[in-house]
Every structure is written in C-alpha cells, then in structure tokens.
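A.B. asks: Compact mmCIF, C-alpha atoms, file protein.txt:
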```
# COMPACT_ATOMS: atom_id res chain seq x y z
CA MET A 1 126.84 -24.39 -31.48
CA GLU A 2 126.54 -21.11 -33.37
CA TYR A 3 123.05 -20.57 -31.98
CA VAL A 4 124.22 -21.34 -28.43
CA LEU A 5 126.94 -18.71 -28.75
CA ILE A 6 124.43 -16.18 -30.09
CA ALA A 7 122.05 -16.98 -27.23
CA VAL A 8 124.68 -16.72 -24.46
CA SER A 9 126.04 -13.52 -25.93
CA ALA A 10 122.61 -11.91 -26.22
CA ALA A 11 121.21 -13.05 -22.86
CA LEU A 12 124.19 -12.64 -20.55
CA VAL A 13 127.20 -10.88 -22.06
CA ASN A 14 125.34 -8.13 -23.90
CA ASN A 15 122.29 -8.12 -21.66
CA VAL A 16 119.64 -5.72 -22.92
CA ILE A 17 119.18 -3.99 -19.57
CA LEU A 18 122.51 -4.22 -17.79
CA ALA A 19 124.90 -3.90 -20.74
CA ARG A 20 122.92 -1.97 -23.36
CA PHE A 21 120.81 0.03 -20.87
CA LEU A 22 117.57 -0.46 -22.80
CA GLY A 23 114.13 -0.92 -21.21
CA LEU A 24 115.09 0.81 -17.97
CA CYS A 25 111.61 2.29 -17.47
CA SER A 26 109.94 -1.09 -17.12
CA PHE A 27 113.00 -2.40 -15.27
CA MET A 28 112.44 0.10 -12.46
CA GLY A 29 108.66 0.32 -12.75
CA VAL A 30 107.46 -3.28 -12.88
CA THR A 31 109.95 -4.96 -10.56
CA THR A 32 108.28 -4.21 -7.26
CA ARG A 33 106.92 -7.77 -7.15
CA ILE A 34 108.18 -11.00 -8.69
CA ASP A 35 104.81 -12.00 -10.14
CA THR A 36 104.43 -8.74 -12.07
CA ALA A 37 108.04 -9.03 -13.25
CA VAL A 38 107.31 -12.52 -14.57
CA GLY A 39 104.18 -11.30 -16.35
CA MET A 40 105.96 -8.35 -17.94
CA GLY A 41 109.00 -10.46 -18.83
CA ALA A 42 106.92 -13.14 -20.56
CA ALA A 43 104.87 -10.59 -22.48
CA THR A 44 108.01 -8.72 -23.57
CA THR A 45 109.73 -11.96 -24.60
CA PHE A 46 106.81 -12.85 -26.82
CA CYS A 47 106.50 -9.42 -28.41
CA ILE A 48 110.25 -9.00 -29.00
CA THR A 49 110.48 -12.40 -30.69
CA VAL A 50 107.42 -11.90 -32.88
CA SER A 51 108.48 -8.35 -33.80
CA ALA A 52 111.97 -9.57 -34.67
CA MET A 53 110.56 -12.25 -36.95
CA ILE A 54 108.41 -9.74 -38.82
CA ASP A 55 111.13 -7.09 -38.89
CA TRP A 56 113.61 -9.55 -40.39
CA ALA A 57 111.15 -10.27 -43.22
CA VAL A 58 110.41 -6.57 -43.74
CA GLU A 59 114.12 -5.74 -43.83
CA HIS A 60 115.08 -8.52 -46.24
CA TYR A 61 112.09 -8.46 -48.58
CA LEU A 62 111.17 -4.78 -48.57
CA LEU A 63 113.62 -2.26 -47.11
CA GLU A 64 116.91 -3.69 -48.36
CA PRO A 65 115.92 -4.62 -51.95
CA TYR A 66 114.25 -1.27 -52.59
CA GLY A 67 116.89 0.88 -50.85
CA LEU A 68 114.48 2.07 -48.18
CA GLY A 69 116.90 1.74 -45.27
CA TYR A 70 116.21 5.31 -44.17
CA LEU A 71 112.65 4.25 -43.27
CA ARG A 72 113.88 1.43 -41.02
CA THR A 73 113.21 3.01 -37.60
CA VAL A 74 109.73 4.24 -38.52
CA THR A 75 108.84 0.93 -40.14
CA PHE A 76 110.06 -1.08 -37.18
CA ILE A 77 108.08 1.07 -34.74
CA LEU A 78 104.96 0.44 -36.85
CA VAL A 79 105.66 -3.29 -36.90
CA ILE A 80 106.16 -3.38 -33.12
CA ALA A 81 102.94 -1.45 -32.47
CA ALA A 82 101.04 -3.69 -34.87
CA SER A 83 102.40 -6.90 -33.40
CA VAL A 84 101.57 -5.78 -29.86
CA GLN A 85 98.03 -4.90 -30.91
CA PHE A 86 97.74 -8.20 -32.75
CA THR A 87 98.94 -10.13 -29.70
CA GLU A 88 96.49 -8.26 -27.51
CA ALA A 89 93.60 -9.01 -29.85
CA VAL A 90 94.51 -12.69 -30.12
CA VAL A 91 94.91 -13.15 -26.36
CA ARG A 92 91.61 -11.34 -25.73
CA LYS A 93 89.86 -13.52 -28.29
CA ILE A 94 91.21 -16.91 -27.28
CA SER A 95 91.20 -16.37 -23.52
CA PRO A 96 89.33 -13.42 -22.00
CA SER A 97 90.20 -14.56 -18.46
CA LEU A 98 93.93 -14.62 -19.21
CA PHE A 99 93.62 -11.26 -20.95
CA GLN A 100 92.14 -9.79 -17.78
CA MET A 101 95.26 -10.86 -15.91
CA LEU A 102 97.94 -10.17 -18.49
CA GLY A 103 96.46 -7.49 -20.75
CA ILE A 104 97.85 -4.66 -18.64
CA TYR A 105 101.43 -5.40 -19.67
CA LEU A 106 100.93 -5.31 -23.42
CA PRO A 107 100.48 -1.55 -24.02
CA LEU A 108 103.62 -0.89 -21.97
CA ILE A 109 105.62 -2.94 -24.45
CA THR A 110 104.79 -0.68 -27.38
CA THR A 111 106.79 2.09 -25.76
CA ASN A 112 109.57 -0.18 -24.49
CA CYS A 113 112.76 0.84 -26.26
CA ALA A 114 114.26 -2.63 -25.66
CA VAL A 115 111.96 -4.02 -28.36
CA LEU A 116 113.05 -1.50 -30.98
CA GLY A 117 116.66 -1.78 -29.83
CA VAL A 118 116.76 -5.54 -30.35
CA CYS A 119 115.13 -5.24 -33.78
CA LEU A 120 117.69 -2.63 -34.89
CA LEU A 121 120.55 -4.76 -33.56
CA LEU A 122 119.34 -7.63 -35.74
CA VAL A 123 119.91 -5.54 -38.84
CA GLU A 124 123.46 -4.73 -37.77
CA GLY A 125 124.11 -8.41 -37.05
CA LYS A 126 123.19 -9.49 -40.62
CA MET A 127 122.10 -12.92 -39.36
CA SER A 128 119.91 -15.58 -40.94
CA PHE A 129 116.22 -15.73 -40.05
CA ILE A 130 116.64 -18.42 -37.41
CA GLY A 131 119.80 -16.75 -36.08
CA SER A 132 117.92 -13.44 -35.74
CA THR A 133 115.03 -15.12 -33.99
CA VAL A 134 117.35 -16.94 -31.57
CA PHE A 135 119.11 -13.63 -30.89
CA ALA A 136 115.78 -11.89 -30.20
CA LEU A 137 114.54 -14.70 -27.97
CA ALA A 138 117.80 -14.86 -26.02
CA SER A 139 117.89 -11.07 -25.61
CA SER A 140 114.38 -11.07 -24.24
CA ILE A 141 115.10 -14.03 -21.95
CA GLY A 142 118.06 -12.04 -20.63
CA TYR A 143 115.70 -9.10 -20.09
CA SER A 144 113.20 -11.28 -18.22
CA LEU A 145 115.94 -12.91 -16.16
CA VAL A 146 117.22 -9.55 -14.95
CA MET A 147 113.67 -8.34 -14.26
CA VAL A 148 112.93 -11.35 -12.05
CA LEU A 149 116.33 -11.18 -10.31
CA PHE A 150 115.87 -7.51 -9.58
CA ALA A 151 112.29 -8.02 -8.39
CA GLY A 152 113.54 -10.63 -5.94
CA LEU A 153 116.18 -8.22 -4.66
CA ARG A 154 113.65 -5.40 -4.30
CA GLU A 155 111.27 -7.64 -2.36
CA ARG A 156 114.12 -8.22 0.09
CA LEU A 157 115.08 -4.55 0.12
CA VAL A 158 111.61 -3.68 1.42
CA LEU A 159 112.44 -5.63 4.58
CA ALA A 160 115.93 -4.16 4.92
CA GLU A 161 116.80 -1.14 7.05
CA VAL A 162 117.77 1.52 4.54
CA PRO A 163 118.76 5.11 5.44
CA ARG A 164 115.76 7.36 4.82
CA LEU A 165 117.40 9.31 1.98
CA PHE A 166 118.24 6.10 0.13
CA ALA A 167 114.86 4.43 0.55
CA GLY A 168 112.88 3.61 -2.61
CA PRO A 169 114.33 4.24 -6.09
CA PRO A 170 117.83 5.38 -4.93
CA ILE A 171 118.64 2.07 -3.27
CA GLY A 172 117.03 0.39 -6.28
CA PHE A 173 119.45 2.11 -8.65
CA ILE A 174 122.42 1.27 -6.42
CA THR A 175 121.33 -2.38 -6.40
CA ALA A 176 120.90 -2.29 -10.18
CA SER A 177 124.43 -0.97 -10.61
CA LEU A 178 125.80 -3.78 -8.44
CA LEU A 179 123.81 -6.27 -10.51
CA ALA A 180 125.29 -4.75 -13.68
CA LEU A 181 128.78 -5.13 -12.22
CA SER A 182 128.10 -8.79 -11.51
CA PHE A 183 126.91 -9.30 -15.09
CA MET A 184 130.22 -7.90 -16.32
CA GLY A 185 131.66 -11.19 -15.11
CA PHE A 186 130.06 -12.83 -18.13
CA SER A 187 132.11 -10.76 -20.59
CA GLY A 188 134.72 -12.92 -22.25
CA MET A 189 132.37 -15.93 -22.28
CA SER A 190 131.34 -15.40 -25.89
CA ALA A 191 133.13 -15.08 -29.20
CA HIS A 192 130.73 -12.25 -30.23
CA MET B 1 90.36 -20.04 17.84
CA ASN B 2 90.97 -21.58 14.45
CA ILE B 3 91.49 -18.65 12.09
CA SER B 4 90.97 -20.61 8.91
CA ALA B 5 87.68 -21.94 10.19
CA ALA B 6 86.54 -18.48 11.31
CA ASN B 7 87.64 -16.66 8.16
CA PRO B 8 88.78 -18.82 5.27
CA VAL B 9 89.43 -15.79 3.05
CA ALA B 10 91.81 -14.30 5.61
CA ALA B 11 93.60 -17.61 5.89
CA GLU B 12 94.03 -17.74 2.11
CA ALA B 13 94.93 -14.07 1.76
CA SER B 14 98.64 -14.68 2.25
CA HIS B 15 98.62 -16.80 -0.94
CA LEU B 16 96.83 -14.18 -3.02
CA VAL B 17 98.00 -11.36 -5.23
CA GLU B 18 95.74 -8.48 -4.27
CA GLY B 19 94.36 -5.66 -6.34
CA ILE B 20 91.68 -3.01 -5.98
CA ALA B 21 88.57 -3.00 -8.13
CA ARG B 22 85.51 -0.79 -8.28
CA VAL B 23 81.98 -2.19 -8.48
CA VAL B 24 80.33 -0.78 -11.61
CA GLU B 25 77.15 -2.84 -11.77
CA VAL B 26 75.14 -5.19 -9.57
CA ASP B 27 72.87 -7.57 -11.42
CA GLY B 28 71.01 -9.86 -9.03
CA THR B 29 73.58 -12.10 -7.37
CA LEU B 30 76.29 -11.01 -9.78
CA ALA B 31 78.56 -7.97 -9.34
CA TRP B 32 80.56 -6.49 -12.23
CA LEU B 33 83.87 -4.90 -11.35
CA VAL B 34 86.57 -2.92 -13.12
CA PRO B 35 90.13 -3.04 -11.82
CA GLU B 36 91.68 0.26 -10.79
CA GLN B 37 94.27 1.52 -13.24
CA THR B 38 97.71 0.48 -12.06
CA GLY B 39 99.62 1.52 -15.18
CA GLY B 40 101.52 -1.74 -14.96
CA CYS B 41 104.15 0.05 -12.92
CA GLY B 42 102.41 -0.52 -9.60
CA SER B 43 101.83 3.16 -8.98
CA CYS B 44 98.09 3.55 -9.22
CA ALA B 45 98.21 6.69 -7.09
CA SER B 46 100.09 8.46 -9.88
CA SER B 47 98.31 6.84 -12.79
CA GLY B 48 96.93 10.18 -13.92
CA ALA B 49 100.44 11.33 -14.73
CA CYS B 50 101.61 8.10 -16.33
CA GLY B 51 102.28 8.40 -20.05
CA ALA B 52 102.63 4.69 -20.76
CA LYS B 53 99.02 3.68 -21.01
CA GLY B 54 99.06 2.53 -24.60
CA ILE B 55 96.75 3.13 -27.47
CA GLY B 56 93.17 4.02 -26.55
CA THR B 57 91.76 5.68 -23.48
CA ILE B 58 92.22 4.44 -19.94
CA GLU B 59 88.48 3.96 -19.61
CA SER B 60 88.26 1.80 -22.71
CA ARG B 61 91.14 -0.36 -21.55
CA LEU B 62 89.66 -0.82 -18.09
CA GLU B 63 86.27 -1.61 -19.57
CA MET B 64 87.91 -4.44 -21.54
CA ARG B 65 89.14 -5.89 -18.25
CA ARG B 66 85.72 -5.85 -16.61
CA PHE B 67 84.99 -9.04 -14.69
CA SER B 68 82.17 -10.51 -12.64
CA MET B 69 81.94 -12.06 -9.18
CA ILE B 70 79.20 -13.70 -7.17
CA ASN B 71 77.98 -10.95 -4.84
CA ARG B 72 78.03 -12.81 -1.53
CA SER B 73 79.31 -9.79 0.40
CA GLY B 74 76.57 -7.33 -0.49
CA MET B 75 78.73 -5.08 -2.68
CA VAL B 76 77.08 -1.94 -3.99
CA VAL B 77 77.78 0.15 -7.10
CA GLY B 78 80.69 2.55 -6.65
CA GLU B 79 82.26 0.59 -3.81
CA ARG B 80 86.00 -0.14 -3.85
CA VAL B 81 86.95 -3.65 -2.86
CA VAL B 82 90.16 -5.64 -2.58
CA VAL B 83 90.10 -8.74 -4.77
CA GLY B 84 92.73 -11.43 -5.05
CA ILE B 85 93.85 -14.22 -7.31
CA ALA B 86 96.10 -17.17 -6.52
CA GLN B 87 99.77 -16.18 -6.34
CA ASN B 88 100.95 -18.66 -8.96
CA ALA B 89 98.07 -17.95 -11.35
CA LEU B 90 99.95 -15.13 -13.08
CA VAL B 91 102.95 -17.34 -13.77
CA LYS B 92 100.71 -20.13 -15.09
CA ALA B 93 98.85 -17.63 -17.26
CA SER B 94 102.11 -16.21 -18.65
CA LEU B 95 103.40 -19.66 -19.48
CA THR B 96 100.15 -20.58 -21.21
CA VAL B 97 99.72 -17.41 -23.22
CA TYR B 98 103.28 -16.51 -24.20
CA VAL B 99 105.69 -19.37 -23.64
CA LEU B 100 103.66 -22.18 -25.19
CA PRO B 101 103.20 -20.54 -28.65
CA LEU B 102 106.86 -19.47 -28.71
CA ALA B 103 108.07 -22.96 -27.78
CA ILE B 104 106.01 -24.58 -30.53
CA ALA B 105 107.07 -21.94 -33.06
CA PHE B 106 110.74 -22.51 -32.22
CA ALA B 107 110.40 -26.27 -32.41
CA ALA B 108 108.85 -25.88 -35.87
CA GLY B 109 111.44 -23.31 -36.99
CA LEU B 110 114.49 -25.26 -35.85
CA SER B 111 113.14 -28.45 -37.43
CA ALA B 112 112.51 -26.66 -40.73
CA GLN B 113 115.98 -25.08 -40.66
CA ALA B 114 117.59 -28.46 -40.05
CA LEU B 115 115.56 -30.14 -42.80
CA TYR B 116 115.54 -27.52 -45.56
CA GLY B 117 118.08 -24.85 -44.57
CA SER B 118 115.99 -22.14 -46.18
CA ASP B 119 115.08 -18.88 -44.46
CA PHE B 120 111.76 -18.68 -46.26
CA VAL B 121 110.66 -22.19 -45.27
CA THR B 122 111.82 -21.58 -41.68
CA MET B 123 109.79 -18.38 -41.57
CA ILE B 124 106.62 -20.08 -42.82
CA SER B 125 107.16 -22.97 -40.39
CA MET B 126 107.55 -20.62 -37.43
CA ALA B 127 104.41 -18.73 -38.40
CA ALA B 128 102.51 -22.01 -38.62
CA GLY B 129 104.01 -23.08 -35.28
CA LEU B 130 102.83 -19.83 -33.74
CA VAL B 131 99.27 -20.42 -34.94
CA LEU B 132 99.43 -23.97 -33.61
CA GLY B 133 100.74 -22.59 -30.32
CA PHE B 134 97.78 -20.26 -30.03
CA VAL B 135 95.47 -23.24 -30.48
CA GLY B 136 97.37 -24.86 -27.60
CA THR B 137 96.91 -21.67 -25.56
CA TRP B 138 93.19 -21.75 -26.23
CA LEU B 139 92.96 -25.34 -25.01
CA GLY B 140 95.23 -24.65 -22.03
CA SER B 141 93.29 -21.58 -20.95
CA ARG B 142 90.04 -23.54 -21.10
CA HIS B 143 91.59 -26.14 -18.81
CA ILE B 144 92.89 -23.52 -16.36
CA SER B 145 89.62 -21.57 -16.36
CA ALA B 146 87.61 -24.75 -15.78
CA ARG B 147 89.62 -25.34 -12.61
CA GLY B 148 88.79 -21.84 -11.38
CA ALA B 149 92.43 -20.80 -10.98
CA MET B 150 91.82 -17.47 -12.71
CA THR B 151 88.72 -16.52 -10.75
CA PRO B 152 89.23 -13.49 -8.51
CA VAL B 153 87.92 -13.75 -4.95
CA PHE B 154 86.60 -11.03 -2.67
CA VAL B 155 89.11 -10.32 0.12
CA ARG B 156 87.79 -7.22 1.91
CA ARG B 157 86.39 -3.75 1.37
CA ALA B 158 89.11 -1.22 0.52
CA GLY B 159 89.70 1.69 2.85
CA PRO B 160 89.27 5.25 1.52
CA ALA B 161 93.03 5.85 1.28
CA GLU B 162 93.96 2.31 0.36
CA THR B 163 95.74 1.84 -2.96
CA CYS B 164 97.16 -1.22 -4.65
CA ARG B 165 99.91 -2.98 -2.74
CA ILE B 166 103.33 -2.08 -4.01
CA ASP B 167 105.37 -3.83 -1.33
```
The structure given in the file should be rewritten as structure tokens.
C.D. replies:
Amino acid sequence: MEYVLIAVSAALVNNVILARFLGLCSFMGVTTRIDTAVGMGAATTFCITVSAMIDWAVEHYLLEPYGLGYLRTVTFILVIAASVQFTEAVVRKISPSLFQMLGIYLPLITTNCAVLGVCLLLVEGKMSFIGSTVFALASSIGYSLVMVLFAGLRERLVLAEVPRLFAGPPIGFITASLLALSFMGFSGMSAH
Amino acid sequence: MNISAANPVAAEASHLVEGIARVVEVDGTLAWLVPEQTGGCGSCASSGACGAKGIGTIESRLEMRRFSMINRSGMVVGERVVVGIAQNALVKASLTVYVLPLAIAFAAGLSAQALYGSDFVTMISMAAGLVLGFVGTWLGSRHISARGAMTPVFVRRAGPAETCRID
C-alpha cells in the first residue's frame, strides 16, 4: 500500500512536468507526434529509473557516510550522463536496428532536468531502495503520460482553426496550462 | 483505378512514420543512407542551432545510425529521399528496449524485497533482473527484426525544400 501511495503521488499529484515544471524543453519539443512522445517517454522512464537506482547507492554508500553531500549535484549529473551512455552502448550492441530508431532520444535525456530533479528529490525523501525506485519509476511514468496526452492534444490542435497569433507554441502553452489545471484535481488523493 | 495496385507504397504511406535520409553510398543493389538530423525535437530545419545534441559530434551520431536499403528506385549518392517505417514499430521498439528490462528488474526487486527485506539484496536482484531483461530485449529484437518490422521502406524522393514532417 505504501508503494501504491508513493506511485500515485509521484505520477499524478506531484507530476514532474505539470506540478514541478521539470523537463519542459522535451515536453514542448518532442510532443508534435504521439509516436515520438512514446519513444522519448519510454527512453526517459528507463534512464530515470536506472539513474535513480545508481544514485541511491552512491548517496547511501559514498556521499552520506563520508560527508560528501556538497558533491551531490555534480555526482548525480555524472551518474546520469554515464547511465545514458551505458544505455546507448547496450542498446546499440544488442539491437542495432532498434538503436537506429530509438537512439536519437538518448542524448536528449542527458540534458533533461527532470532526470536530475527526480534523483535529487529521492535524497530529500529518505526512502528505502525499493521505495526510491518505485518513486522514480512512477515519476517517469507520470512524465510519459503527460507527454503522450499532450502529443495527442497537439495532433488535434493542428487540425483546429487557431487565430494566427496563437498558432504554434502559444496555443501549445495555453493547452499545457489547462492540462496542468486538470492535474490539480489529483491533489488531495495522496497522503504525501 | 485501384490505387493500391498501381502504387502499393502510396497506399501504405498513410500507415508509415516518414523521415528524410540522404544517400551516402551506393554499393551494387544496396544503398546506404544516413537520416537527416532532427534533434529529436522535430525541428530539423533549425538543427544547426539546437544545443541538445548530446556528447559527440552530429556527424558521428548520424554515422552510427547509417542504414541500408535495396536500391530498387535508382537512388544516387547525395540524393535526399523520404523513407518510412511502420507506424507502430516505434512503440514496439520502445516496449522491447526499455519496458521489458525494467519490468523484469522490478519483478526481481519486489520479490527480493518481499523475501529478504534488505536494500542491498534488492539492489543486487534488480541489477540482475536488468541484465536478464537485456537478454530478453536481445531475443525480442531478433524476433522483430526477422519479421522485417524495423526495415525502412523507400516512399518518394524528397523535394528541395522538403523537411521532416512535424504535423
């Protein structure tokens, strides 16, 4: 039950994009089509979860025992970059054809502040390893969910008659704000 | 006139995700292509100004994504062509590469947590699950590739001002 609460809180109530306003670059940039949003969302989910697992170990076995908390941000950035590169190398090795399709999303994740944000939130949460990993997975599922929802809306917006001055990113931002308002309806669902 | 009989590629085009690639080498019946840089944000026209291209040069990254096609359409080096892959292929690929290893890792981690209740054991179990998941990905990708779902198809020659679709 504890893990369910953590997951609901991370994915819906404190959504990475719509409540914490992290990862907005990819949110606006990669949501022009649903298929690219799915690709980016899946890649980000994987990298956030793997980075969170490694960052938890680094925090608990290295930074905290030796009083190196001031190096946390730099260390986490290094871990994220390394895990993205590792994922890229593994995917390229085990499936070159899949890498050709999905490899484009991986470098974008290195600079996605949502990944670092989730890893830093884990430290504040002081959760167990599995709790941290569930939190990271749920946060990234929330991120992917919003990406796909927004991509669907933008695909419909292309067909809508929009005043010339609002066409493109402006109407996108207005739609995003309405989506954020709708996500506020989830607040109060979680004990966290 | 039956369109699909006259032009099967055109009939299938509505089910394809299109992209633009440049022919870099023609070797007998085989053409080697490199996809145009899209920066992942669907704005290939402004890729030169995009700062989110990752570690390494653009050229090296594109070279890694080089792919081959049977040259039935008489493509020549330097030509820009529109290629397509099946619309659901990207979703299938994402599920195979990212979701499968994570699912196996979580199954292993939750089982270990329930059995031993130790963070260290859970961590090792999840790492092992991840490795096992990648083995599953390898097998899954072989299956998908054998069915030809990931193979790009030639759609048409790209116009001089044509860029990747961002609709």
A.B. asks: Which neighbours of range 69-84 of chain A fall inside 12 Å, counting only C-alpha atoms, when residues of the same chain fewer than 4 positions from it are skipped, and could you give them as a PyMOL selection string?
C.D. replies: (chain A and resi 43-65+88-91+103-124) or (chain B and resi 54-55)
A.B. asks: So how many Å separate CA of His143 in chain B and CA of Leu33 in chain B, to one decimal?
C.D. replies: 23.8 Å
A.B. asks: May I have the protein, DNA and RNA residues with any atom at most 12 Å from the point (108.0, -24.4, -30.0), counting all atoms listed in the file, written as a count of residues only?
C.D. replies: 27
A.B. asks: Would you pick out the contacts of Ala11 in chain A at 6 Å or less, using only C-alpha atoms, so that residues sharing its chain but fewer than 3 positions from it are not included, and give the list as a list in words?
C.D. replies: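 Once the nearby chain positions are removed, what remains is Ala7, Val8, Asn15, Ala138, Ser139 and Gly142 of chain A.
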A.B. asks: What gap, in Å, lies between CA of Val24 in chain B and CA of Gln87 in chain B?
C.D. replies: 25.4 Å
A.B. asks: Which distance in Å separates CA of Ile141 in chain A and CA of Asn14 in chain A, to one decimal?
C.D. replies: 12.0 Å
A.B. asks: Counting only C-alpha atoms, which of B:Val97, B:Leu16, B:Val153, B:Ala31 gets nearest to Val135 in chain B?
C.D. replies: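 Looking only at the distances to Val135 in chain B, the closest residue turns out to be B:Val97.
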A.B. asks: Counting all atoms listed in the file, which of B:Val76, B:Ala146, B:Met123, B:Val23 gets nearest to chain A?
C.D. replies: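 Smallest separation from chain A among the options: B:Met123.
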A.B. asks: Kindly indicate which residue among A:Ala160, A:Leu165, A:Val16, A:Leu98 lies nearest to Ile85 in chain B, using all atoms listed in the file for the distances.
C.D. replies: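 Answer, going by the shortest atom-to-atom distance: A:Leu98.
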A.B. asks: So, with only C-alpha atoms as the atoms that count, which of B:Leu30, B:Glu25, B:Gly148, B:Arg80 lies closest to chain A?
C.D. replies: B:Gly148
